[in-house]
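Participant: Got a structure here, written out as structure tokens. Questions coming.
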Amino acid sequence: MNTNYLFLTIFLAVAIIFPLIPLAIAWAWARLFSPPKPGHEKLASYECGIDSTGPAQVQFQSHYYLYALVFLVFDVETIFLMPFAAAFLKLEFSAFLTLMVFLLLLVEGLVWAWAKGILAWK
Amino acid sequence: MTNLLIALAPEAFLVITALVVLGIGVSAPKARGAITAATLLGGLVAAAALLLHPVDGNFLHGMVVLNPLARLFKLVLLGLGLVSVVFAAESFPKLHFAEALALLLFSMVGMMLLAGTEDLLMIFLALELTSLPLYILAAFAKESRASAEAGLKYFLIGSVAAAFLLYGLSLIYGVAGSTNLRVIAKLSGDPDPLLIAGIALTLLGFAFKIAVVPFQLWAPDVYEGAPTAAAALIASGSKVAGVFILTKILTLGLGHWTGTAGWGQFAPGWAPVLALMAAASVVLGNVAALVQSNVKRLLAYSAIAHGGYLLIGLCAADAPSLTAVLFYVIIYALTTAGAFGVVVIVEKQRGGSHLEDFEGLGKSSPVLALCLLVFLISLAGIPPLAGFFGKFYLFTSALANGRHLWLVILAVAMNAVSLYYYLIVLKHALVLPAPKETVPTAAPASKFLVVLLALAVLALGLAPNALIGPLSNGQTVKNIIINTLQK
Amino acid sequence: MILTATFLSAFLGAGLILLLPERRASLAKWIALLAVLAGLGGAKFAFLSFDHSPAAPDYQFLTWLPWIPQLGISFFTGADGISVVLLLLTGIIAVTGVLFSWNVTHRPRAFFAFYLIIIGGVYGVFQSFDLFLLFVFYEIVIIPKYFLIAAWGSTNREYGAMKLTMYSVAGSALVLLALIATYAVSGAQTFDLFVLSRGGFSSGFQAWAFPVMFIGFAVLAGLWPLHTWAPTGHVAAPTAVSMLLAGVVMKLGSYSALRVAMTLFPEGLGQWRTSFAILATAGIVLGALVALAQKDLKFTVGYSSIAHMGFVLLGLMTLNRAGMGGAVLQMFSHGIIGGLLFAVVGRMIYDRTHTRDIADLGKMDLLKALPFATLTFTIASVASMGLPGFSGFIAELTILKGSWIAFPWLLVPAGVGIVITVAFTLRALQRAFYPSGEPMPQSFDPITFPEKLGAVLLMAVTVCLGVFPSMLLNPILRSFQAPLMHHLVQEVTTK
């Protein structure tokens, strides 16, 4: 039992130290070997060589998040489809039905989102 | 396979109803009556499926387990959900009404799945299915800042708690090698530190669900800010489901590590943890409720206190105590649902749920005032109402082997204190005159349900056997929940 | 079955009243009157048909129905001598209370419904032999008290109502604790008083269970120093409720202390009786002293209730036939007298003069303006002082006799208490009702028929009892020979 606690302690210590080491190295390197020397062209944002005009802060369209949400749902659905596809030949008919029900549920979600006007850009 | 389908028929019907409701909502969003009717019809079909064709059994290695006790709880949860639907129909904001009802239905599905499972994975899934719609519903009143705050707080704290819970459940799985509670129950010997960590995290996760200290901070804000019909389901349904599944996990799966919580006889296990949480909740809930001026917030603090009483019964962990816990949680849910129903109607009439908004209720709507009297007095534990018998049964069973005297003393004392704030609410409702004339807004279906719930509370107080019988006969609590007990 | 009729009629009456439509609200008092008359009829029938012959069973009119078998709770009611006496008291006070509330016009349905619920609960306590059932009835009384005082009361009503209710609930919490502990420790899986009283409780358990339970009940009986709710609450309450509270509800506490706490835990009683006797005597003396200093007539009466209840508790602690018989008799006697006093002060005087200040009342020459009220208060005061010919005399005399046997050193303070009682009663009577200085006579509404009826009934009872105390003493003393209480009275002979 004691070894398990030791195990956890070591694990915790390593988990803390391990990410800190590269950060420390990066900081040390930056300080010692690559001190910052900013210049106008170095700091300019990349726009394929053209000088940028206008303010950098454009109002973020919150509508993007709705697309991201719907995308996420279907992305996870795709992930679920993959093992199903891989094992398709060995599964019985009821499994097919079950997954069809799953797909249809998500399709109804899409239909709902469409009908509610979420997919139209405002 | 067909048996499994029949076993899951009620939940399936509810899902189909939710999809139908969403469909109606998209094609005819103004037809609130049709939407509500469809919801209620679906709920009744699900209830019929539950009652008419009962199937017992253990499916998918414990993921779906049905027995009379589970079916009773599913029925209770279904009933509470439908009550909330009716309240919502008469009080919810008009925007996205169909979606609100669909969310209520999904949450009910989650709760019902919780009542019928013995598998850790399914527990987590069902818990999330219950909670996520409730997070959305808590934020549903878009014009209200309180609602947005409620939804956000509920969601953030709930997600943290769910993370704790998931980690705890996975640690338990790691040690036991299976997610089935009955297999976990076979673990014995000295507890692995990982198992201890797992149990602790699981308890914390469920402490959130039941709203006990130290995870009770969400309850006052959510109960106050959420639209009242949603708060009704949060207060009643998720509490019943949470307590039931916690009981199952602790006594069925982790019965070997119960420990004892007697004063001077502490033995390590989950019972002492529950005892401390119970003591803190009982004190905090009752004392904080003394100074509240918003009735919904007061009900939230009272919910925290009642969570404490329930945990006292769980600490004792023998058959009568568990029967008492299950009895009390059902009684409490009915009473709270009714109390929130009264708040729904008062909010509709007066526009708020502060103490001042209840003034003159005795004159403007005596039936409603009488029902409020029944509910609050039952919560205070005064006979001949169900709440009294529930508390009496709970304390008597907890004290049966004399171990939890300190907890019972604390609970009885705080219970006496609680009468004060319930009387304050009733004073405003029954004694103080109305500030100005108000035209009562009709909410007939809610009023009917509130009266029905009040009658149920009175009936269960006079004849508690009607509920104790099904809960305590040998088929249910003894054999199904209690697997191995430490002492 | 006849006993069940007492509380059933009250609860049914309450239900009927609640169903009355608003335009028929004035019928509420008639329904209430019918209900309490039915209850009184039942109580009187039980009292008169109680078989006093030596061969008759000690406990009669028994009813037993299973209720919640899982906890051994049953609906078990019956009566012995003490019960029938107190049931009769309840009936009388209930009827006169309704008579004195005949003029209630503000929300009468709610008023009489709450009133009847209290009556039903009180009837229930006096006849229960199952401890759970007794506790249920005991608690039913608590909530209606709050609303009656808060909504229909007078001075400081919201504070008075809350204080009274919270004290009652605190007492009940103590009782609940002791009750649950008793059930757990006895292992008998039942709440039947007869089974539980067969005992087997260890001395150590009784040493804490008895005081907890006794104090829990005695709070409602006005045990000093936990009595402060009573004057505030009684003053704030409307007349009928004051009559009920002082007349019957305080007796719930002392009866339950006798029936439950003292019966279940005789050893604990033996350890604690001196302390409680001292507290009771303190209540007599200090209650009377504070009453002497009051300027409000109703407060005077309220504190006099504390003093009289102190006698009851002292009598209970003496553990001999004289003292305990006197205690129960004093319960009845003070119920009547207290009811009468509150009725006069509240209904007859306050409703008309709108003041209870003794000095102000003195200026109104009530002897000339309200002669019937003056007569009634005079008779009530005389009875309260313990003059022979009225019920208080016999009761207090027997208690003093019992105290002489058990606590001779407490006799002097108790006697002093009686003297102070005489003092404050005479002072209040003389200064409030009899003219002094320059009287400015006023005219008031005449005393109505219901008031006269109620007052005459109460006066008749106290006189009747004063002249024929054996009517009640016989059944009371008989109860102390019964198996439940047998050992209580035997204590003294073994000392």
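We name chains A, B, ... following the order of the structure tokens; residues begin at 1 in each chain, and ligands are numbered from 1 as shown.
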Quick one: everything within 7 Å of range 125-133 of chain B, counting only C-alpha atoms, minus sequence neighbours fewer than 5 positions away in the same chain. Send it as an MDAnalysis selection string.
Facilitator: chainID B and resid 103:104 106:108 110:111 113:114
Participant: Dump as an MDAnalysis selection string the residues of chain B that approach chain A to within 9 Å, counting only C-alpha atoms.
Facilitator: chainID B and resid 1 19 22:23 26:27 190:194
Participant: For the residues selected in the previous step, produce a file with C-alpha atoms as an mmCIF file, in the first residue's frame.
Facilitator:
```
data_model
loop_
_atom_site.group_PDB
_atom_site.id
_atom_site.type_symbol
_atom_site.label_atom_id
_atom_site.label_comp_id
_atom_site.auth_asym_id
_atom_site.auth_seq_id
_atom_site.Cartn_x
_atom_site.Cartn_y
_atom_site.Cartn_z
ATOM 1 C CA MET B 1 -33.574 -8.130 -27.507
ATOM 2 C CA LEU B 19 -38.652 14.591 -31.279
ATOM 3 C CA LEU B 22 -39.454 19.516 -31.680
ATOM 4 C CA GLY B 23 -41.029 18.863 -35.024
ATOM 5 C CA VAL B 26 -40.391 23.961 -35.848
ATOM 6 C CA SER B 27 -43.445 23.855 -38.059
ATOM 7 C CA ASP B 190 -7.790 -3.444 2.617
ATOM 8 C CA PRO B 191 -8.921 -0.601 0.447
ATOM 9 C CA ASP B 192 -6.547 0.491 -2.263
ATOM 10 C CA PRO B 193 -5.653 4.209 -2.013
ATOM 11 C CA LEU B 194 -6.901 4.612 -5.540
#
```
Participant: Excluding same-chain residues fewer than 4 positions from Val417 in chain B, what lies within 10 Å of it counting only C-alpha atoms, as a VMD selection string?
Facilitator: (chain B and resid 283 286 to 287 289 to 290 380 411 to 413 421 to 422) or (chain C and resid 166 169 to 170 173)
Participant: Expressed in Å to a single decimal, how great is the separation between CA of Leu116 in chain C and CA of Leu372 in chain B?
Facilitator: 20.0 Å
Participant: From the options C:Ser256, C:Thr239, C:Ser74, C:Ser479, which residue's atoms come nearest to chain B, counting only C-alpha atoms?
Facilitator: C:Ser74
Participant: Identify, on the basis of only C-alpha atoms, every residue whose closest approach to range 234-241 of chain B does not exceed 6 Å; exclude the query and any residue fewer than 3 positions from it along the same chain; express the result as a list in words.
Facilitator: Leu77, Met111, Ile210, Ala231, Phe244, Val329, Ala333 and Ala337 of chain B
Participant: Include N, CA and C atoms and write out the residues we just selected as a compact mmCIF listing (two decimals), in the first residue's frame.
Facilitator:
```txt
# COMPACT_ATOMS: atom_id res chain seq x y z
N LEU B 77 -40.56 9.67 -11.08
CA LEU B 77 -39.83 10.67 -11.85
C LEU B 77 -40.64 11.13 -13.05
N MET B 111 -33.32 10.92 -16.11
CA MET B 111 -33.65 10.53 -14.74
C MET B 111 -34.18 9.10 -14.69
N ILE B 210 -27.07 16.39 -5.16
CA ILE B 210 -28.07 16.46 -4.11
C ILE B 210 -28.04 17.82 -3.41
N ALA B 231 -37.06 25.14 -12.17
CA ALA B 231 -36.57 24.96 -10.80
C ALA B 231 -37.34 23.85 -10.12
N PHE B 244 -31.51 8.35 -5.21
CA PHE B 244 -31.70 6.93 -5.49
C PHE B 244 -30.43 6.30 -6.01
N VAL B 329 -37.44 10.86 0.29
CA VAL B 329 -37.09 11.64 -0.89
C VAL B 329 -38.30 11.77 -1.82
N ALA B 333 -39.96 15.29 -2.73
CA ALA B 333 -40.10 15.75 -4.11
C ALA B 333 -41.52 16.21 -4.39
N ALA B 337 -42.31 20.01 -5.34
CA ALA B 337 -42.95 20.30 -6.62
C ALA B 337 -44.19 21.13 -6.39
```
Participant: Could you jot down the CA of Leu368 in chain B to CA of Phe448 in chain B separation for me, Å, one decimal place?
Facilitator: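 Separating CA of Leu368 in chain B from CA of Phe448 in chain B is a distance of 9.7 Å.
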Participant: Pick out the chain C residues within 8 Å of chain B. Count only C-alpha atoms. Give them as an MDAnalysis selection string.
Facilitator: chainID C and resid 67:68 136:137 139:140 147 150:151 162 166 169:170 173 176:177 180:181 183:185
Participant: Just the residues within 8 Å of Trp263 in chain B, please, counting only C-alpha atoms, with nothing from its chain fewer than 4 positions along; format it as a list in words.
Facilitator: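 My list of contacting residues is Arg403, His404, Leu405 and Trp406 of chain B.
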Participant: Please list as a ChimeraX atom specification every residue within 9 Å of range 440-457 of chain C, counting only C-alpha atoms and excluding residues in the same chain fewer than 3 positions away.
Facilitator: /C:92,95-102,340,343-344,347-348,352-353,363-366,368-370,372-373,376,460-462
Participant: May I have all residues of range 358-436 of chain B that DSSP, computed from the backbone, assigns to helix (DSSP H, G or I), given as a PyMOL selection string?
Facilitator: chain B and resi 358+361-364+366-380+386-398+405-431
Participant: I'd like the neighbourhood of range 311-323 of chain C as a list in words, where a residue qualifies if any of its atoms comes within 6 Å (using only C-alpha atoms), though same-chain residues fewer than 5 positions away should be ignored.
Facilitator: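 Those residues are Arg273, Ala277, Ala280, Thr398, Ile399, Gly402, Ser403, Ala406 and Val489 of chain C.
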